Amino acid sequence: MWGIIRNAFDTRRDHAECSGCGLCLLVCPVWRKTRDISLTPLGRSKAMQHGDIDSAAVENCTLCGSCDPVCPEQIDLSGMTLRLRRQSTHPAAPALQAQLDEKAGQPLTTQHAETKWLPDRALLEHPQLLARITSLVGARVAEDDGTDIALALETGMVIPSHRLQRFLAPLKGLKKIIVADGLLLKHLQQLLPEKKFISLGEALSGHDQVRGNLRATDLYVIESRAYHSDYQRLVKYYDGLRVAHGCAFNLDLQRIAIPATARSLSQRLGTIAHDDDSQARWVLHGRNITRIVVENMDDRDALENVSEIPVVHLAELADDSVSV
């Protein structure tokens, strides 16, 4: 089953095709933060061409996906990073493997529904927001949320077939699946291409009450991973939101979403502290806004840490008690 994921990554060209143009540097948050070319997609591609890749270059990639749509050679740059991670074992891997095995052995209950949604780890820590989203999207929370799989994907781990089958089986009978985690969304689109998957941000922003409360003075922060995994379609979708409501977006001149976080693998796994301040400030630089609207809770935490401007989750726009 895991071979399906591996082969899906191989549909795009690989590191050997890198011409060294450097366009990926323009959108890479790690380059912006460190100015160390070895830690960038360009640095990884060139190192692989010479048969020598440094573990720090693989560890520090944020997998934001910004580099994928700008590459003129159509190299699967984020997929390349995951393949490299698969070649080594992260210290967190044994604990993650235990989580996968434990979840694989748990029985599934049957919940009849046409649509379900998969929250990410951050949303699971906010039960009231979780309930609000469930009401807005008109879907049940999936009994198997796949958060352990999403975390393991960060490391490039091979997901055991018995765990993957348990996760996918209930999804195959659904008409639509809404996914909060952008990395998991990308993989599900590849594993079940016949199914309709959409990001949580797209699902919520399509709700009339949510859309109606967007303001021209808002900065709307798109979750970058989901956006870049379906870039050609979503760039048009969010441009429609901009035209209709006048709000600003975390998009650069190339219409690439600037992520509000810039977390290495260890930071995403929680083994070292987050350090998002410089990236979050970059997103806010030069903005004339009165409110920040986010699709992702990690982005909310990062932006609240560097700004006194109110930050709300997209789902909270449908709450009449939110007056900021």
# chains A, B, ... in the order shown; residues from 1 in each chain; ligands from 1

$ closest_atom_pairs --of "stretch 7-117 of chain A" --to "stretch 151-166 of chain A" --cutoff "6 Å" --atoms "only C-alpha atoms" --output "JSON lines"
{"residue": "A:Leu82", "atom": "CA", "partner": "A:Gly156", "partner_atom": "CA", "distance": 4.9}
{"residue": "A:Arg85", "atom": "CA", "partner": "A:Gly156", "partner_atom": "CA", "distance": 5.0}
{"residue": "A:Arg86", "atom": "CA", "partner": "A:Gly156", "partner_atom": "CA", "distance": 4.5}
{"residue": "A:Ala104", "atom": "CA", "partner": "A:Arg163", "partner_atom": "CA", "distance": 4.6}

$ write_last_selection --atoms "N, CA and C atoms" --output "compact mmCIF listing (two decimals), in the first residue's frame"
# COMPACT_ATOMS: atom_id res chain seq x y z
N LEU A 82 10.80 14.33 1.39
CA LEU A 82 10.23 13.19 2.09
C LEU A 82 10.96 11.89 1.75
N ARG A 85 14.05 11.91 3.81
CA ARG A 85 13.77 11.59 5.21
C ARG A 85 13.54 10.10 5.40
N ARG A 86 13.01 9.46 4.38
CA ARG A 86 12.73 8.04 4.47
C ARG A 86 14.02 7.22 4.55
N ALA A 104 -3.75 0.98 14.82
CA ALA A 104 -4.13 -0.06 13.86
C ALA A 104 -4.92 -1.17 14.53

$ residues_around --residues "stretch 14-22 of chain A" --least-positions-apart "2" --cutoff "12 Å" --atoms "only C-alpha atoms" --output "ChimeraX atom specification"
/A:9-12,24-28,31,37,40-51,53,67-68,70-81,83-84

$ residues_around --residues "stretch 228-235 of chain A" --least-positions-apart "3" --cutoff "6 Å" --atoms "only C-alpha atoms" --output "ChimeraX atom specification"
/A:65,186,225,238

$ closest_residue --among "A:Ala280, A:Leu200, A:Ile289, A:Leu136" --to "A:Arg32" --atoms "only C-alpha atoms"
A:Ala280

$ closest_residue --among "A:Ala169, A:Cys64, A:Ile149, A:Ile178" --to "A:Thr109" --atoms "only C-alpha atoms"
A:Ala169

$ select_by_dssp --residues "stretch 228-286 of chain A" --states "alpha helix (DSSP H)" --output "PyMOL selection string"
chain A and resi 228-229+231-245+265-269+277-284

$ write_last_selection --atoms "N, CA and C atoms" --output "PDB file, in the first residue's frame"
ATOM      1  N   HIS A 228      -0.717  24.811  -1.837  1.00  0.00           N
ATOM      2  CA  HIS A 228       0.274  24.485  -2.859  1.00  0.00           C
ATOM      3  C   HIS A 228       0.085  23.084  -3.437  1.00  0.00           C
ATOM      4  N   SER A 229      -0.630  22.212  -2.725  1.00  0.00           N
ATOM      5  CA  SER A 229      -0.859  20.870  -3.264  1.00  0.00           C
ATOM      6  C   SER A 229      -1.881  20.871  -4.393  1.00  0.00           C
ATOM      7  N   TYR A 231      -2.424  23.962  -6.371  1.00  0.00           N
ATOM      8  CA  TYR A 231      -2.152  25.371  -6.631  1.00  0.00           C
ATOM      9  C   TYR A 231      -2.938  25.935  -7.813  1.00  0.00           C
ATOM     10  N   GLN A 232      -2.936  25.235  -8.937  1.00  0.00           N
ATOM     11  CA  GLN A 232      -3.558  25.774 -10.147  1.00  0.00           C
ATOM     12  C   GLN A 232      -5.035  26.087  -9.949  1.00  0.00           C
ATOM     13  N   ARG A 233      -5.725  25.268  -9.190  1.00  0.00           N
ATOM     14  CA  ARG A 233      -7.147  25.501  -8.935  1.00  0.00           C
ATOM     15  C   ARG A 233      -7.373  26.524  -7.832  1.00  0.00           C
ATOM     16  N   LEU A 234      -6.606  26.387  -6.741  1.00  0.00           N
ATOM     17  CA  LEU A 234      -6.878  27.215  -5.571  1.00  0.00           C
ATOM     18  C   LEU A 234      -6.441  28.666  -5.748  1.00  0.00           C
ATOM     19  N   VAL A 235      -5.462  28.920  -6.582  1.00  0.00           N
ATOM     20  CA  VAL A 235      -5.082  30.309  -6.808  1.00  0.00           C
ATOM     21  C   VAL A 235      -6.261  31.080  -7.406  1.00  0.00           C
ATOM     22  N   LYS A 236      -7.073  30.407  -8.210  1.00  0.00           N
ATOM     23  CA  LYS A 236      -8.270  31.049  -8.782  1.00  0.00           C
ATOM     24  C   LYS A 236      -9.365  31.170  -7.728  1.00  0.00           C
ATOM     25  N   TYR A 237      -9.472  30.152  -6.889  1.00  0.00           N
ATOM     26  CA  TYR A 237     -10.499  30.180  -5.850  1.00  0.00           C
ATOM     27  C   TYR A 237     -10.278  31.359  -4.898  1.00  0.00           C
ATOM     28  N   TYR A 238      -9.037  31.508  -4.413  1.00  0.00           N
ATOM     29  CA  TYR A 238      -8.773  32.584  -3.455  1.00  0.00           C
ATOM     30  C   TYR A 238      -8.773  33.954  -4.123  1.00  0.00           C
ATOM     31  N   ASP A 239      -8.467  34.003  -5.399  1.00  0.00           N
ATOM     32  CA  ASP A 239      -8.571  35.279  -6.096  1.00  0.00           C
ATOM     33  C   ASP A 239     -10.028  35.716  -6.157  1.00  0.00           C
ATOM     34  N   GLY A 240     -10.933  34.748  -6.278  1.00  0.00           N
ATOM     35  CA  GLY A 240     -12.354  35.064  -6.240  1.00  0.00           C
ATOM     36  C   GLY A 240     -12.777  35.628  -4.895  1.00  0.00           C
ATOM     37  N   LEU A 241     -12.227  35.074  -3.808  1.00  0.00           N
ATOM     38  CA  LEU A 241     -12.498  35.617  -2.475  1.00  0.00           C
ATOM     39  C   LEU A 241     -11.998  37.048  -2.351  1.00  0.00           C
ATOM     40  N   ARG A 242     -10.808  37.285  -2.878  1.00  0.00           N
ATOM     41  CA  ARG A 242     -10.219  38.627  -2.798  1.00  0.00           C
ATOM     42  C   ARG A 242     -11.071  39.648  -3.542  1.00  0.00           C
ATOM     43  N   VAL A 243     -11.512  39.282  -4.730  1.00  0.00           N
ATOM     44  CA  VAL A 243     -12.331  40.198  -5.523  1.00  0.00           C
ATOM     45  C   VAL A 243     -13.664  40.476  -4.830  1.00  0.00           C
ATOM     46  N   ALA A 244     -14.260  39.430  -4.251  1.00  0.00           N
ATOM     47  CA  ALA A 244     -15.580  39.568  -3.642  1.00  0.00           C
ATOM     48  C   ALA A 244     -15.554  40.345  -2.338  1.00  0.00           C
ATOM     49  N   HIS A 245     -14.466  40.208  -1.557  1.00  0.00           N
ATOM     50  CA  HIS A 245     -14.471  40.774  -0.207  1.00  0.00           C
ATOM     51  C   HIS A 245     -13.367  41.798   0.050  1.00  0.00           C
ATOM     52  N   LEU A 265      11.609  19.791  11.038  1.00  0.00           N
ATOM     53  CA  LEU A 265      10.984  18.524  11.409  1.00  0.00           C
ATOM     54  C   LEU A 265      10.916  18.362  12.922  1.00  0.00           C
ATOM     55  N   SER A 266      12.012  18.612  13.615  1.00  0.00           N
ATOM     56  CA  SER A 266      12.020  18.454  15.071  1.00  0.00           C
ATOM     57  C   SER A 266      11.070  19.426  15.752  1.00  0.00           C
ATOM     58  N   GLN A 267      10.928  20.634  15.200  1.00  0.00           N
ATOM     59  CA  GLN A 267       9.984  21.594  15.776  1.00  0.00           C
ATOM     60  C   GLN A 267       8.552  21.134  15.563  1.00  0.00           C
ATOM     61  N   ARG A 268       8.252  20.554  14.423  1.00  0.00           N
ATOM     62  CA  ARG A 268       6.900  20.055  14.187  1.00  0.00           C
ATOM     63  C   ARG A 268       6.585  18.850  15.054  1.00  0.00           C
ATOM     64  N   LEU A 269       7.606  18.051  15.343  1.00  0.00           N
ATOM     65  CA  LEU A 269       7.398  16.889  16.201  1.00  0.00           C
ATOM     66  C   LEU A 269       7.401  17.257  17.674  1.00  0.00           C
ATOM     67  N   ASP A 277       8.954  33.578  14.976  1.00  0.00           N
ATOM     68  CA  ASP A 277       8.743  35.021  15.056  1.00  0.00           C
ATOM     69  C   ASP A 277       9.139  35.761  13.782  1.00  0.00           C
ATOM     70  N   SER A 278      10.322  35.467  13.249  1.00  0.00           N
ATOM     71  CA  SER A 278      10.777  36.215  12.077  1.00  0.00           C
ATOM     72  C   SER A 278       9.892  35.942  10.866  1.00  0.00           C
ATOM     73  N   GLN A 279       9.426  34.715  10.702  1.00  0.00           N
ATOM     74  CA  GLN A 279       8.566  34.390   9.576  1.00  0.00           C
ATOM     75  C   GLN A 279       7.195  35.046   9.725  1.00  0.00           C
ATOM     76  N   ALA A 280       6.636  35.010  10.924  1.00  0.00           N
ATOM     77  CA  ALA A 280       5.335  35.637  11.155  1.00  0.00           C
ATOM     78  C   ALA A 280       5.409  37.148  10.928  1.00  0.00           C
ATOM     79  N   ARG A 281       6.491  37.761  11.349  1.00  0.00           N
ATOM     80  CA  ARG A 281       6.658  39.210  11.122  1.00  0.00           C
ATOM     81  C   ARG A 281       6.770  39.514   9.629  1.00  0.00           C
ATOM     82  N   TRP A 282       7.403  38.613   8.882  1.00  0.00           N
ATOM     83  CA  TRP A 282       7.517  38.798   7.437  1.00  0.00           C
ATOM     84  C   TRP A 282       6.138  38.830   6.784  1.00  0.00           C
ATOM     85  N   VAL A 283       5.249  37.952   7.223  1.00  0.00           N
ATOM     86  CA  VAL A 283       3.890  37.904   6.685  1.00  0.00           C
ATOM     87  C   VAL A 283       3.148  39.210   6.961  1.00  0.00           C
ATOM     88  N   LEU A 284       3.414  39.820   8.125  1.00  0.00           N
ATOM     89  CA  LEU A 284       2.707  41.028   8.536  1.00  0.00           C
ATOM     90  C   LEU A 284       3.357  42.312   8.044  1.00  0.00           C
TER      91      LEU A 284
END

$ select_by_dssp --residues "stretch 31-224 of chain A" --states "strand (DSSP E)" --output "list in words"
Thr115, Lys116, Trp117, Leu118, Arg140, Val141, Lys176, Ile177, Ile178, Val179, Lys196, Phe197, Ile198, Ser199, Asp218, Leu219, Tyr220 and Val221 of chain A

$ closest_atom_pairs --of "stretch 110-157 of chain A" --to "stretch 209-220 of chain A" --cutoff "12 Å" --atoms "only C-alpha atoms" --output "JSON lines"
{"residue": "A:Arg132", "atom": "CA", "partner": "A:Val210", "partner_atom": "CA", "distance": 11.9}
{"residue": "A:Ile133", "atom": "CA", "partner": "A:Val210", "partner_atom": "CA", "distance": 11.0}
{"residue": "A:Leu136", "atom": "CA", "partner": "A:Val210", "partner_atom": "CA", "distance": 9.0}
{"residue": "A:Val137", "atom": "CA", "partner": "A:Val210", "partner_atom": "CA", "distance": 10.9}

$ write_last_selection --atoms "N, CA and C atoms" --output "compact mmCIF listing (two decimals), in the first residue's frame"
# COMPACT_ATOMS: atom_id res chain seq x y z
N ARG A 132 -17.70 23.73 16.69
CA ARG A 132 -18.19 24.80 15.81
C ARG A 132 -17.94 24.45 14.35
N ILE A 133 -16.76 23.95 14.06
CA ILE A 133 -16.42 23.58 12.69
C ILE A 133 -17.31 22.44 12.21
N LEU A 136 -20.55 23.84 11.16
CA LEU A 136 -20.47 24.67 9.95
C LEU A 136 -20.31 23.84 8.69
N VAL A 137 -19.45 22.84 8.72
CA VAL A 137 -19.19 22.07 7.50
C VAL A 137 -20.24 20.99 7.27

$ residues_around --residues "A:Asn60" --least-positions-apart "2" --cutoff "8 Å" --atoms "only C-alpha atoms" --output "compact mmCIF listing (two decimals) with N, CA and C atoms, in the first residue's frame"
# COMPACT_ATOMS: atom_id res chain seq x y z
N VAL A 30 12.97 28.96 4.68
CA VAL A 30 14.25 28.60 5.31
C VAL A 30 15.38 29.46 4.73
N LEU A 39 20.43 24.52 2.87
CA LEU A 39 19.19 24.14 3.53
C LEU A 39 17.96 24.35 2.64
N ALA A 56 21.10 18.01 7.96
CA ALA A 56 20.48 19.27 8.37
C ALA A 56 19.63 19.86 7.25
N ALA A 57 20.04 19.64 6.01
CA ALA A 57 19.27 20.15 4.88
C ALA A 57 17.91 19.47 4.79
N VAL A 58 17.86 18.22 5.15
CA VAL A 58 16.62 17.47 5.11
C VAL A 58 15.75 17.80 6.33
N THR A 62 10.58 22.86 5.76
CA THR A 62 9.29 23.01 6.44
C THR A 62 8.16 22.28 5.72
N ARG A 263 8.81 25.85 10.50
CA ARG A 263 9.21 24.86 11.48
C ARG A 263 9.95 23.69 10.86
N SER A 264 11.08 23.36 11.43
CA SER A 264 11.84 22.19 11.02
C SER A 264 11.09 20.93 11.44
N LEU A 265 11.61 19.79 11.04
CA LEU A 265 10.98 18.52 11.41
C LEU A 265 10.92 18.36 12.92

$ atom_distance --atom1 "atom CA of A:Pro259" --atom2 "atom CA of A:Phe197"
21.6 Å

$ closest_atom_pairs --of "stretch 46-143 of chain A" --to "stretch 297-318 of chain A" --cutoff "12 Å" --atoms "only C-alpha atoms" --output "Markdown table"
| residue | atom | partner | partner_atom | distance |
| --- | --- | --- | --- | --- |
| A:Pro119 | CA | A:Met297 | CA | 10.9 |
| A:Asp120 | CA | A:Met297 | CA | 9.2 |
| A:Arg121 | CA | A:Met297 | CA | 9.4 |
| A:Ala122 | CA | A:Met297 | CA | 6.1 |
| A:Leu123 | CA | A:Met297 | CA | 6.8 |
| A:Leu124 | CA | A:Met297 | CA | 10.3 |
| A:Glu125 | CA | A:Met297 | CA | 9.9 |
| A:His126 | CA | A:Met297 | CA | 9.4 |
| A:Gln128 | CA | A:Glu316 | CA | 10.4 |
| A:Leu129 | CA | A:Ala315 | CA | 7.4 |
| A:Leu130 | CA | A:Ala315 | CA | 9.2 |
| A:Ala131 | CA | A:Ala315 | CA | 10.2 |
| A:Arg132 | CA | A:Ala315 | CA | 7.0 |
| A:Ile133 | CA | A:Ala315 | CA | 6.0 |
| A:Thr134 | CA | A:Ala315 | CA | 9.7 |
| A:Ser135 | CA | A:Ala315 | CA | 9.9 |
| A:Leu136 | CA | A:Ala315 | CA | 7.6 |
| A:Val137 | CA | A:Ala315 | CA | 9.5 |

$ residues_around --residues "A:Asn250" --least-positions-apart "4" --cutoff "6 Å" --atoms "only C-alpha atoms" --output "ChimeraX atom specification"
/A:221,257-258

$ write_last_selection --atoms "N, CA and C atoms" --output "mmCIF file, in the first residue's frame"
data_model
loop_
_atom_site.group_PDB
_atom_site.id
_atom_site.type_symbol
_atom_site.label_atom_id
_atom_site.label_comp_id
_atom_site.auth_asym_id
_atom_site.auth_seq_id
_atom_site.Cartn_x
_atom_site.Cartn_y
_atom_site.Cartn_z
ATOM 1 N N VAL A 221 -4.984 34.526 6.110
ATOM 2 C CA VAL A 221 -3.767 33.713 6.022
ATOM 3 C C VAL A 221 -4.130 32.295 5.589
ATOM 4 N N ALA A 257 1.702 31.239 -1.466
ATOM 5 C CA ALA A 257 1.317 31.552 -0.086
ATOM 6 C C ALA A 257 2.540 31.565 0.817
ATOM 7 N N ILE A 258 2.773 32.698 1.459
ATOM 8 C CA ILE A 258 3.889 32.822 2.397
ATOM 9 C C ILE A 258 3.451 32.202 3.722
#

$ closest_residue --among "A:Asp276, A:Glu295, A:Asp252, A:Glu194" --to "A:Lys33" --atoms "only C-alpha atoms"
A:Asp276

$ residues_around --residues "A:Leu118" --least-positions-apart "4" --cutoff "6 Å" --atoms "only C-alpha atoms" --output "mmCIF file with N, CA and C atoms, in the first residue's frame"
data_model
loop_
_atom_site.group_PDB
_atom_site.id
_atom_site.type_symbol
_atom_site.label_atom_id
_atom_site.label_comp_id
_atom_site.auth_asym_id
_atom_site.auth_seq_id
_atom_site.Cartn_x
_atom_site.Cartn_y
_atom_site.Cartn_z
ATOM 1 N N ALA A 142 -14.373 12.282 11.501
ATOM 2 C CA ALA A 142 -14.097 10.879 11.201
ATOM 3 C C ALA A 142 -13.653 10.156 12.464
ATOM 4 N N ASP A 145 -9.128 9.832 12.821
ATOM 5 C CA ASP A 145 -8.744 11.150 12.292
ATOM 6 C C ASP A 145 -7.408 11.150 11.559
ATOM 7 N N VAL A 179 -10.284 17.900 4.991
ATOM 8 C CA VAL A 179 -9.044 17.582 5.696
ATOM 9 C C VAL A 179 -8.378 18.858 6.187
#

$ atom_distance --atom1 "atom CA of A:Asp319" --atom2 "atom CA of A:Leu174"
28.3 Å

$ decode --residues "stretch 24-41 of chain A" --atoms "N, CA and C atoms" --output "PDB file, in the first residue's frame"
ATOM      1  N   CYS A  24      13.252  28.775  -6.600  1.00  0.00           N
ATOM      2  CA  CYS A  24      12.727  28.244  -5.341  1.00  0.00           C
ATOM      3  C   CYS A  24      13.218  29.047  -4.138  1.00  0.00           C
ATOM      4  N   LEU A  25      14.372  29.704  -4.271  1.00  0.00           N
ATOM      5  CA  LEU A  25      14.882  30.514  -3.162  1.00  0.00           C
ATOM      6  C   LEU A  25      13.963  31.696  -2.864  1.00  0.00           C
ATOM      7  N   LEU A  26      13.296  32.214  -3.888  1.00  0.00           N
ATOM      8  CA  LEU A  26      12.460  33.398  -3.710  1.00  0.00           C
ATOM      9  C   LEU A  26      11.283  33.135  -2.782  1.00  0.00           C
ATOM     10  N   VAL A  27      10.863  31.877  -2.672  1.00  0.00           N
ATOM     11  CA  VAL A  27       9.680  31.553  -1.880  1.00  0.00           C
ATOM     12  C   VAL A  27       9.994  30.709  -0.655  1.00  0.00           C
ATOM     13  N   CYS A  28      11.251  30.330  -0.471  1.00  0.00           N
ATOM     14  CA  CYS A  28      11.618  29.407   0.603  1.00  0.00           C
ATOM     15  C   CYS A  28      11.769  30.130   1.940  1.00  0.00           C
ATOM     16  N   PRO A  29      10.948  29.782   2.957  1.00  0.00           N
ATOM     17  CA  PRO A  29      11.080  30.445   4.263  1.00  0.00           C
ATOM     18  C   PRO A  29      12.389  30.123   4.971  1.00  0.00           C
ATOM     19  N   VAL A  30      12.970  28.957   4.681  1.00  0.00           N
ATOM     20  CA  VAL A  30      14.245  28.598   5.306  1.00  0.00           C
ATOM     21  C   VAL A  30      15.376  29.456   4.735  1.00  0.00           C
ATOM     22  N   TRP A  31      15.345  29.727   3.433  1.00  0.00           N
ATOM     23  CA  TRP A  31      16.331  30.622   2.832  1.00  0.00           C
ATOM     24  C   TRP A  31      16.193  32.033   3.395  1.00  0.00           C
ATOM     25  N   ARG A  32      14.949  32.493   3.533  1.00  0.00           N
ATOM     26  CA  ARG A  32      14.717  33.835   4.062  1.00  0.00           C
ATOM     27  C   ARG A  32      15.263  33.959   5.489  1.00  0.00           C
ATOM     28  N   LYS A  33      15.148  32.886   6.245  1.00  0.00           N
ATOM     29  CA  LYS A  33      15.550  32.919   7.647  1.00  0.00           C
ATOM     30  C   LYS A  33      17.048  32.732   7.835  1.00  0.00           C
ATOM     31  N   THR A  34      17.658  31.837   7.050  1.00  0.00           N
ATOM     32  CA  THR A  34      19.042  31.438   7.316  1.00  0.00           C
ATOM     33  C   THR A  34      20.052  31.955   6.300  1.00  0.00           C
ATOM     34  N   ARG A  35      19.603  32.206   5.067  1.00  0.00           N
ATOM     35  CA  ARG A  35      20.494  32.540   3.954  1.00  0.00           C
ATOM     36  C   ARG A  35      21.584  31.467   3.774  1.00  0.00           C
ATOM     37  N   ASP A  36      21.222  30.237   4.093  1.00  0.00           N
ATOM     38  CA  ASP A  36      22.122  29.092   3.914  1.00  0.00           C
ATOM     39  C   ASP A  36      21.575  28.268   2.763  1.00  0.00           C
ATOM     40  N   ILE A  37      22.240  28.326   1.623  1.00  0.00           N
ATOM     41  CA  ILE A  37      21.702  27.681   0.428  1.00  0.00           C
ATOM     42  C   ILE A  37      21.652  26.169   0.555  1.00  0.00           C
ATOM     43  N   SER A  38      22.477  25.597   1.410  1.00  0.00           N
ATOM     44  CA  SER A  38      22.474  24.139   1.567  1.00  0.00           C
ATOM     45  C   SER A  38      21.175  23.637   2.188  1.00  0.00           C
ATOM     46  N   LEU A  39      20.432  24.520   2.866  1.00  0.00           N
ATOM     47  CA  LEU A  39      19.187  24.137   3.531  1.00  0.00           C
ATOM     48  C   LEU A  39      17.960  24.348   2.644  1.00  0.00           C
ATOM     49  N   THR A  40      18.163  24.683   1.388  1.00  0.00           N
ATOM     50  CA  THR A  40      17.070  25.027   0.480  1.00  0.00           C
ATOM     51  C   THR A  40      16.820  23.915  -0.538  1.00  0.00           C
ATOM     52  N   PRO A  41      15.704  23.985  -1.266  1.00  0.00           N
ATOM     53  CA  PRO A  41      15.472  22.996  -2.326  1.00  0.00           C
ATOM     54  C   PRO A  41      16.601  22.969  -3.357  1.00  0.00           C
TER      55      PRO A  41
END
